[in-house]
Each structure stands twice: as C-alpha cells, then as structure tokens.
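For reference, the structure is listed below as structure tokens.
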Amino acid sequence: MSDVAVDLRSDTVTRPTAGMREAMARAEVGDDVYGEDPTVRALEERVAALLGHEAALFTPTGSLANVLALQGLVRPGQEVLCAADAHIARAELGVHGAVSGLTMRTWTDGPLALDQIRDLHAPDLGPFFVPTAAVSVENTHNLSGGAVLPLAELEELRAWADAHGIRLHLDGARLWNAAVATGVDMAAYGRLFDAVAVCLSKGLGAPIGSLVVGSADHIAQARVWRKRLGGGMRQVGVLAAAGLYALDHHVDRLADDHAHARLLAEACGVDTATVATNMVLVHDVDVAAFVAACAAEGIAVSAVGPRTVRLVTHLDVTRDQVELARPVLARALASTRPTAAGS
Ligand SMILES: *Cc1c(COP(=O)(O)O)cnc(C)c1O
C-alpha cells in the first residue's frame, strides 16, 4: 500500500523498532532443532512460566501453535467445539482437519456461549460417532472486535469441562491485550486451559513468532510434530530475541493502543463501551465506499464483513496519527452512511 499515512488494517503490520533490531543483532544463537539455541530456550521458559505451565515451544506462526496445541488434546476422529467465527475455524484454512484429522462444530451465540457449548457436547457413543474431546476459545476474540472473555465465565467453562472430561484450548494470540485491559494475570488465564497459543507478532510488535504452551509431555510431542510439519528452525535466537525484547518493552504500552481505539470509536460514533482492547468494529456501513473514502486520505482500514469495517491500533500508530485519522473517519462515515450523519 503506497501513500498510507495511518495503517489501521491489523496489528500485524508493525515493523521492528531500532531497539528490537539491536536485540536481534546481539542474540546468542545455536541450532534449535538440537535444542541448543539459548535465546529460544530463554523465551520458551519465560512464556511457560508467564502462563503458569510446564513448557512452551517457539513456532513461526500462531496457526502452527494452534495446530500443535489442539493436536495434543484431540485425537483423529474426535472433535473440538469453537465459535463460528473463531480463527481456528475461519482463518486456518482447514489445517486441523487436513493434518490432525479432527472435526469441528461451532456455536453461534458469541465468543463464549456456555449454554450452546453444553448443548453441542457429544459424549462418546462408540466407534461410529464423533465424540467431543476439547473446547477452544479465543481471548481476545478477533472477529468480535477484540472482545475480552470474562474470567468468571472461563472458570465456569473449566468446571464444566472437568466434570465431562473435556480438554480446553485457548487461542491467546492477543491474550496480552486481555491481561492489560483487565489487570488479570496471564497465568490466571493460562492455568484454566490445558494448552495455550500466544503470538508475539500481533500487538507485541515482533516480526514473527508464536508459542504453544502446555504440559511437558504435550510440548515434547509438539516438538516432534513441529519438525514433521517443516517447522523445525535452526539459529532462530535472532527471532526469539525480538520476542524477549517485546515482552520487556511492549506489553504495558498496549494500554495506549486501547486508549487510541476508544478515540477512533468516538470519531465513528461507536459506543466506546464496546471497545475492550485495540479493535473497533464499525457496523452498518457501505464497506467499499468507506474503505475507498479512507484510502483517498491515506487511512487504511479493512473490511471484515459485508457491512462491517475493522480498525486496529498498534505499536506503529501514534497519538498524532490517531488525531489525523479521526476527522477522516468521521467524514468517510458521514458521506457513506448519510442517515447516521449528525446523529
Ligand atoms: C493472528 C491470529 C492467529 C495466528 O495467525 P498466524 O498468522 O498464523 O500467526 C491465531 N489466532 C488469532 C485469533 C489470530 O488473530
């Protein structure tokens, strides 16, 4: 995209900062397939502890982290339940079925619909039916606009899962945003799940990198599957160093992204109470016209539904850029959704 002054499409568009690049250049490295990269090991140990689990494994992408997480919880021919708009169902292009042999059924009533989950749950009825092995939730929930799942409801899910022998997976690509928004400890979320995937390449601003977190046995198996799937990496301490740097420098500042998102929401007449973290969903717009009107003034936004646009704040969006974007967004909205203008 040329001539973009403010890129609000996604928090994946960040570029590594000078400080991060220095940390990457200085990183001690070794062959990580041999388990000899000290920087990768430091990152894995740090993130496992942060989430209250025994072990963690560095992966190139969050999608691979989700594959390795679910594969340890769900055997071929079993199913995972998830939200209809979960990243694992909508954005991982069928990998969980193709590679892991699991099936999915989905609930439609929001990011964590406990009643629907209880209704969908399929007990083991013998060899010719698919039993439910796991439930997967996303926190924050991307396609619901960065929504945070309430801790009390997650605890209720855990209690139900324990009573039914169900394993729990957390797609925590943006769990850092949830922790900063609520003040809930990462480990308080992490301990409720059997396996967790987290990303360093979203709000934390690393160029690449995710981790799958779980028990020592699960992660030992994930290490084998990562290699089998072509994800065994060598001197990747240079990448892990970016993640360690991000953990030191880019977590607390997520609060700025959340404040910026609320400012953008105000400009679009969106109720700031619906903005929990770093995303704003603007509903009921002529998407093509809105995106084009913004682009004409250097503001990049993305369409996420037939009448819904998403704005995402991140490390590379400054307060000045937010102030620059606000009137443009308001004008674009007024010209493409006339009935809402001035209301
Ligand atoms: C980005 C993201 C992932 C991982 O995506 P990759 O592009 O594979 O790193 C997983 N879950 C959610 C909710 C995400 O937003």
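Ordering of the structure tokens sets the chain letters (A, B, ...); residue numbers start at 1 within each chain; ligands are numbered from 1 in the order shown.
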
Residues within 10 Å of Thr132 (chain A), only C-alpha atoms, excluding chain neighbours under 5 positions, as a list in words: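 So the residues in contact are Val74, Gly77, Gln78, Glu79, Val80, Leu81, Leu102, Thr103, Met104, Arg105, Leu120, His121, Ala122, Pro123, Asp124, His164, Gly165, Ile166 and Arg167 of chain A.
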
Kindly provide the residues of chain A that approach ligand 1 to within 6 Å, each paired with its closest atom pair and their distance in Å to one decimal, based on only C-alpha atoms and all ligand atoms, listed by chain and increasing number, as CSV.
```
residue,atom,partner,partner_atom_place_in_ligand_line,distance
A:Thr61,CA,ligand 1,9 (O),3.8
A:Gly62,CA,ligand 1,4 (C),3.4
A:Ser63,CA,ligand 1,8 (O),3.6
A:His87,CA,ligand 1,13 (C),4.9
A:Asn142,CA,ligand 1,13 (C),5.2
A:Asp171,CA,ligand 1,11 (N),5.6
A:Ala173,CA,ligand 1,12 (C),4.9
```

With only C-alpha atoms as the counted atoms, please give the residues lying no more than 7 Å from Thr336 (chain A), apart from itself and same-chain residues fewer than 3 positions off, as a PDB file with all heavy atoms, in the first residue's frame.
```
ATOM      1  N   VAL A 285     -22.128  -0.064   7.500  1.00  0.00           N
ATOM      2  CA  VAL A 285     -21.549   0.895   6.559  1.00  0.00           C
ATOM      3  C   VAL A 285     -21.517   0.287   5.152  1.00  0.00           C
ATOM      4  O   VAL A 285     -21.506  -0.928   4.988  1.00  0.00           O
ATOM      5  CB  VAL A 285     -20.102   1.302   6.930  1.00  0.00           C
ATOM      6  CG1 VAL A 285     -20.105   2.179   8.162  1.00  0.00           C
ATOM      7  CG2 VAL A 285     -19.205   0.100   7.115  1.00  0.00           C
ATOM      8  N   ASP A 286     -21.502   1.187   4.168  1.00  0.00           N
ATOM      9  CA  ASP A 286     -21.234   0.777   2.792  1.00  0.00           C
ATOM     10  C   ASP A 286     -19.722   0.530   2.737  1.00  0.00           C
ATOM     11  O   ASP A 286     -18.930   1.464   2.617  1.00  0.00           O
ATOM     12  CB  ASP A 286     -21.673   1.889   1.832  1.00  0.00           C
ATOM     13  CG  ASP A 286     -21.391   1.533   0.383  1.00  0.00           C
ATOM     14  OD1 ASP A 286     -20.498   0.684   0.123  1.00  0.00           O
ATOM     15  OD2 ASP A 286     -22.042   2.127  -0.488  1.00  0.00           O
ATOM     16  N   ALA A 289     -17.386   1.831  -0.175  1.00  0.00           N
ATOM     17  CA  ALA A 289     -17.300   3.291  -0.211  1.00  0.00           C
ATOM     18  C   ALA A 289     -16.496   3.820   0.983  1.00  0.00           C
ATOM     19  O   ALA A 289     -15.682   4.738   0.845  1.00  0.00           O
ATOM     20  CB  ALA A 289     -18.710   3.896  -0.209  1.00  0.00           C
ATOM     21  N   PHE A 290     -16.699   3.223   2.146  1.00  0.00           N
ATOM     22  CA  PHE A 290     -15.995   3.678   3.354  1.00  0.00           C
ATOM     23  C   PHE A 290     -14.494   3.421   3.231  1.00  0.00           C
ATOM     24  O   PHE A 290     -13.668   4.304   3.492  1.00  0.00           O
ATOM     25  CB  PHE A 290     -16.569   2.965   4.581  1.00  0.00           C
ATOM     26  CG  PHE A 290     -15.999   3.423   5.891  1.00  0.00           C
ATOM     27  CD1 PHE A 290     -16.496   4.562   6.519  1.00  0.00           C
ATOM     28  CD2 PHE A 290     -14.967   2.735   6.506  1.00  0.00           C
ATOM     29  CE1 PHE A 290     -15.968   4.998   7.738  1.00  0.00           C
ATOM     30  CE2 PHE A 290     -14.436   3.157   7.720  1.00  0.00           C
ATOM     31  CZ  PHE A 290     -14.941   4.284   8.334  1.00  0.00           C
ATOM     32  N   ALA A 332     -15.671  10.172   6.333  1.00  0.00           N
ATOM     33  CA  ALA A 332     -15.939   8.995   5.486  1.00  0.00           C
ATOM     34  C   ALA A 332     -17.264   8.358   5.891  1.00  0.00           C
ATOM     35  O   ALA A 332     -18.053   7.935   5.050  1.00  0.00           O
ATOM     36  CB  ALA A 332     -14.805   7.983   5.610  1.00  0.00           C
ATOM     37  N   LEU A 333     -17.496   8.338   7.191  1.00  0.00           N
ATOM     38  CA  LEU A 333     -18.724   7.738   7.700  1.00  0.00           C
ATOM     39  C   LEU A 333     -19.935   8.582   7.297  1.00  0.00           C
ATOM     40  O   LEU A 333     -20.953   8.058   6.832  1.00  0.00           O
ATOM     41  CB  LEU A 333     -18.630   7.616   9.216  1.00  0.00           C
ATOM     42  CG  LEU A 333     -19.576   6.639   9.868  1.00  0.00           C
ATOM     43  CD1 LEU A 333     -19.306   5.230   9.353  1.00  0.00           C
ATOM     44  CD2 LEU A 333     -19.386   6.673  11.378  1.00  0.00           C
TER      45      LEU A 333
END
```

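The shell of residues at most 9 Å from Arg307 (chain A), with only C-alpha atoms counted and near chain neighbours (fewer than 5 positions) removed, consists of Val282, His283, Asp284, Val285, Asp286, Val287 and Ala288 of chain A.
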
Considering only C-alpha atoms, return as a PDB file with N, CA, C and O atoms, in the first residue's frame whatever protein or nucleic-acid residues lie within 12 Å of Arg90 (chain A), sequence-local ones (same chain, fewer than 5 positions apart) excluded.
```
ATOM      1  N   SER A  63      -0.868 -19.966  13.768  1.00  0.00           N
ATOM      2  CA  SER A  63      -1.635 -21.092  13.230  1.00  0.00           C
ATOM      3  C   SER A  63      -0.951 -22.411  13.572  1.00  0.00           C
ATOM      4  O   SER A  63      -1.608 -23.383  13.979  1.00  0.00           O
ATOM      5  N   CYS A  82     -15.919 -24.851  18.872  1.00  0.00           N
ATOM      6  CA  CYS A  82     -15.404 -23.476  18.910  1.00  0.00           C
ATOM      7  C   CYS A  82     -16.467 -22.518  18.382  1.00  0.00           C
ATOM      8  O   CYS A  82     -17.494 -22.957  17.854  1.00  0.00           O
ATOM      9  N   ALA A  83     -16.228 -21.233  18.518  1.00  0.00           N
ATOM     10  CA  ALA A  83     -17.156 -20.228  17.992  1.00  0.00           C
ATOM     11  C   ALA A  83     -17.126 -20.251  16.470  1.00  0.00           C
ATOM     12  O   ALA A  83     -16.091 -20.546  15.859  1.00  0.00           O
ATOM     13  N   ALA A  84     -18.272 -19.930  15.853  1.00  0.00           N
ATOM     14  CA  ALA A  84     -18.374 -19.987  14.386  1.00  0.00           C
ATOM     15  C   ALA A  84     -17.377 -19.052  13.714  1.00  0.00           C
ATOM     16  O   ALA A  84     -16.944 -19.314  12.595  1.00  0.00           O
ATOM     17  N   ASP A  85     -17.014 -17.953  14.389  1.00  0.00           N
ATOM     18  CA  ASP A  85     -16.045 -17.036  13.784  1.00  0.00           C
ATOM     19  C   ASP A  85     -14.674 -17.124  14.455  1.00  0.00           C
ATOM     20  O   ASP A  85     -13.889 -16.188  14.422  1.00  0.00           O
ATOM     21  N   VAL A  95      -6.532 -26.630   8.174  1.00  0.00           N
ATOM     22  CA  VAL A  95      -5.374 -27.426   8.605  1.00  0.00           C
ATOM     23  C   VAL A  95      -5.721 -28.440   9.687  1.00  0.00           C
ATOM     24  O   VAL A  95      -5.162 -29.549   9.713  1.00  0.00           O
ATOM     25  N   HIS A  96      -6.638 -28.091  10.581  1.00  0.00           N
ATOM     26  CA  HIS A  96      -6.891 -29.001  11.717  1.00  0.00           C
ATOM     27  C   HIS A  96      -7.535 -30.312  11.248  1.00  0.00           C
ATOM     28  O   HIS A  96      -7.267 -31.371  11.812  1.00  0.00           O
ATOM     29  N   MET A 104     -14.713 -30.158  13.589  1.00  0.00           N
ATOM     30  CA  MET A 104     -15.144 -29.027  14.402  1.00  0.00           C
ATOM     31  C   MET A 104     -16.646 -28.898  14.311  1.00  0.00           C
ATOM     32  O   MET A 104     -17.214 -29.101  13.242  1.00  0.00           O
ATOM     33  N   THR A 106     -19.458 -25.772  15.669  1.00  0.00           N
ATOM     34  CA  THR A 106     -19.323 -24.398  16.134  1.00  0.00           C
ATOM     35  C   THR A 106     -20.594 -23.889  16.796  1.00  0.00           C
ATOM     36  O   THR A 106     -21.700 -24.300  16.447  1.00  0.00           O
ATOM     37  N   ASN A 142     -10.930 -12.062  18.115  1.00  0.00           N
ATOM     38  CA  ASN A 142     -10.620 -11.206  16.973  1.00  0.00           C
ATOM     39  C   ASN A 142     -11.875 -10.710  16.251  1.00  0.00           C
ATOM     40  O   ASN A 142     -12.137  -9.504  16.195  1.00  0.00           O
ATOM     41  N   LEU A 143     -12.667 -11.638  15.714  1.00  0.00           N
ATOM     42  CA  LEU A 143     -13.769 -11.199  14.841  1.00  0.00           C
ATOM     43  C   LEU A 143     -14.963 -10.641  15.614  1.00  0.00           C
ATOM     44  O   LEU A 143     -15.905 -10.129  15.012  1.00  0.00           O
ATOM     45  N   VAL A 304     -14.317  -6.493   7.261  1.00  0.00           N
ATOM     46  CA  VAL A 304     -14.363  -7.833   7.861  1.00  0.00           C
ATOM     47  C   VAL A 304     -15.734  -8.475   7.726  1.00  0.00           C
ATOM     48  O   VAL A 304     -15.950  -9.583   8.223  1.00  0.00           O
TER      49      VAL A 304
END
```

Which residues of region 145-247 of chain A come within 7 Å of region 41-52 of chain A, and for each one, what is the closest pair of atoms and their distance in Å to one decimal, counting only C-alpha atoms, sorted by chain and residue number, as JSON lines?
```
{"residue": "A:Met186", "atom": "CA", "partner": "A:Leu51", "partner_atom": "CA", "distance": 5.5}
{"residue": "A:Ala187", "atom": "CA", "partner": "A:Leu51", "partner_atom": "CA", "distance": 4.0}
{"residue": "A:Gly190", "atom": "CA", "partner": "A:Leu51", "partner_atom": "CA", "distance": 4.7}
{"residue": "A:Arg191", "atom": "CA", "partner": "A:Gly52", "partner_atom": "CA", "distance": 5.7}
{"residue": "A:Val213", "atom": "CA", "partner": "A:Ala48", "partner_atom": "CA", "distance": 5.9}
{"residue": "A:Ala240", "atom": "CA", "partner": "A:Leu43", "partner_atom": "CA", "distance": 6.3}
{"residue": "A:Leu244", "atom": "CA", "partner": "A:Leu43", "partner_atom": "CA", "distance": 6.1}
```

Nearest-residue call for Glu28 (chain A), choices A:Val180, A:Val137, A:Leu170, A:Val238, using only C-alpha atoms: A:Val238

Region 149-153 of chain A environment, 12 Å, only C-alpha atoms, sequence neighbours closer than 2 positions dropped, as a ChimeraX atom specification: /A:110-115,137-142,144-147,155-160,170-172,174-175,177-179,181-192,276-277

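Nearest residue to Pro207 (chain A) among A:Asp11, A:Glu54, A:Asp256, A:Glu266 is A:Asp11, counting only C-alpha atoms.
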
Would you mind writing down, as a PDB file with C-alpha atoms, in the first residue's frame, each residue of region 146-271 of chain A that DSSP on the backbone assigns to strand (DSSP E or B)?
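Listing of states-v4.pdb after writing:
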```pdb
ATOM      1  CA  ALA A 147     -13.634  -8.752  22.956  1.00  0.00           C
ATOM      2  CA  ARG A 167      -9.824 -30.542  27.441  1.00  0.00           C
ATOM      3  CA  LEU A 168      -9.605 -26.786  26.945  1.00  0.00           C
ATOM      4  CA  HIS A 169      -7.590 -24.862  24.354  1.00  0.00           C
ATOM      5  CA  LEU A 170      -7.018 -21.110  24.425  1.00  0.00           C
ATOM      6  CA  ASP A 171      -6.158 -19.271  21.231  1.00  0.00           C
ATOM      7  CA  GLY A 172      -4.448 -16.416  23.048  1.00  0.00           C
ATOM      8  CA  ALA A 195      -2.900 -25.761  26.149  1.00  0.00           C
ATOM      9  CA  VAL A 196      -2.467 -22.152  25.076  1.00  0.00           C
ATOM     10  CA  ALA A 197      -1.182 -20.488  21.908  1.00  0.00           C
ATOM     11  CA  VAL A 198       0.155 -16.917  22.092  1.00  0.00           C
ATOM     12  CA  CYS A 199       1.530 -14.601  19.377  1.00  0.00           C
ATOM     13  CA  SER A 210       4.300 -17.555  18.474  1.00  0.00           C
ATOM     14  CA  LEU A 211       4.445 -20.145  21.234  1.00  0.00           C
ATOM     15  CA  VAL A 212       2.400 -23.171  22.202  1.00  0.00           C
ATOM     16  CA  VAL A 213       2.266 -23.724  25.942  1.00  0.00           C
ATOM     17  CA  GLY A 214       1.221 -26.816  27.915  1.00  0.00           C
TER      18      GLY A 214
END
```

Test item: residues at most 8 Å from Gly205 (chain A), only C-alpha atoms, excluding those fewer than 6 positions along its chain, as number ranges by chain: A: 11-12, 14-16, 246, 250, 314-315

CA of Thr274 (chain A) to CA of Val148 (chain A), straight-line distance in Å: 10.3 Å

CA of Ala18 (chain A) to CA of Gly243 (chain A), straight-line distance in Å: 13.9 Å

Secondary structure check, helix (DSSP H, G or I) residues of region 3-84 of chain A, as a VMD selection string: chain A and resid 18 to 26 32 to 34 38 to 50 62 to 71

Proximity of region 161-239 of chain A to region 32-38 of chain A: per-residue shortest pair, 8 Å limit, only C-alpha atoms, as JSON lines:
```
{"residue": "A:Lys227", "atom": "CA", "partner": "A:Val33", "partner_atom": "CA", "distance": 8.0}
{"residue": "A:Gly232", "atom": "CA", "partner": "A:Val33", "partner_atom": "CA", "distance": 5.9}
{"residue": "A:Met233", "atom": "CA", "partner": "A:Asp32", "partner_atom": "CA", "distance": 6.1}
{"residue": "A:Arg234", "atom": "CA", "partner": "A:Asp32", "partner_atom": "CA", "distance": 4.8}
{"residue": "A:Gln235", "atom": "CA", "partner": "A:Asp32", "partner_atom": "CA", "distance": 6.1}
{"residue": "A:Val236", "atom": "CA", "partner": "A:Asp32", "partner_atom": "CA", "distance": 6.9}
{"residue": "A:Gly237", "atom": "CA", "partner": "A:Asp37", "partner_atom": "CA", "distance": 6.1}
```

Between CA of Met24 (chain A) and CA of Val251 (chain A) - distance in Å to one decimal: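 Value for the CA of Val251 (chain A)-CA of Met24 (chain A) distance: 18.0 Å.
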
Among listed residues A:Thr313, A:Ser335, A:Ser100, A:Ser10, nearest Leu70 (chain A) (using only C-alpha atoms):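 Between A:Thr313, A:Ser335, A:Ser100, A:Ser10, the residue approaching Leu70 (chain A) most closely is A:Ser100.
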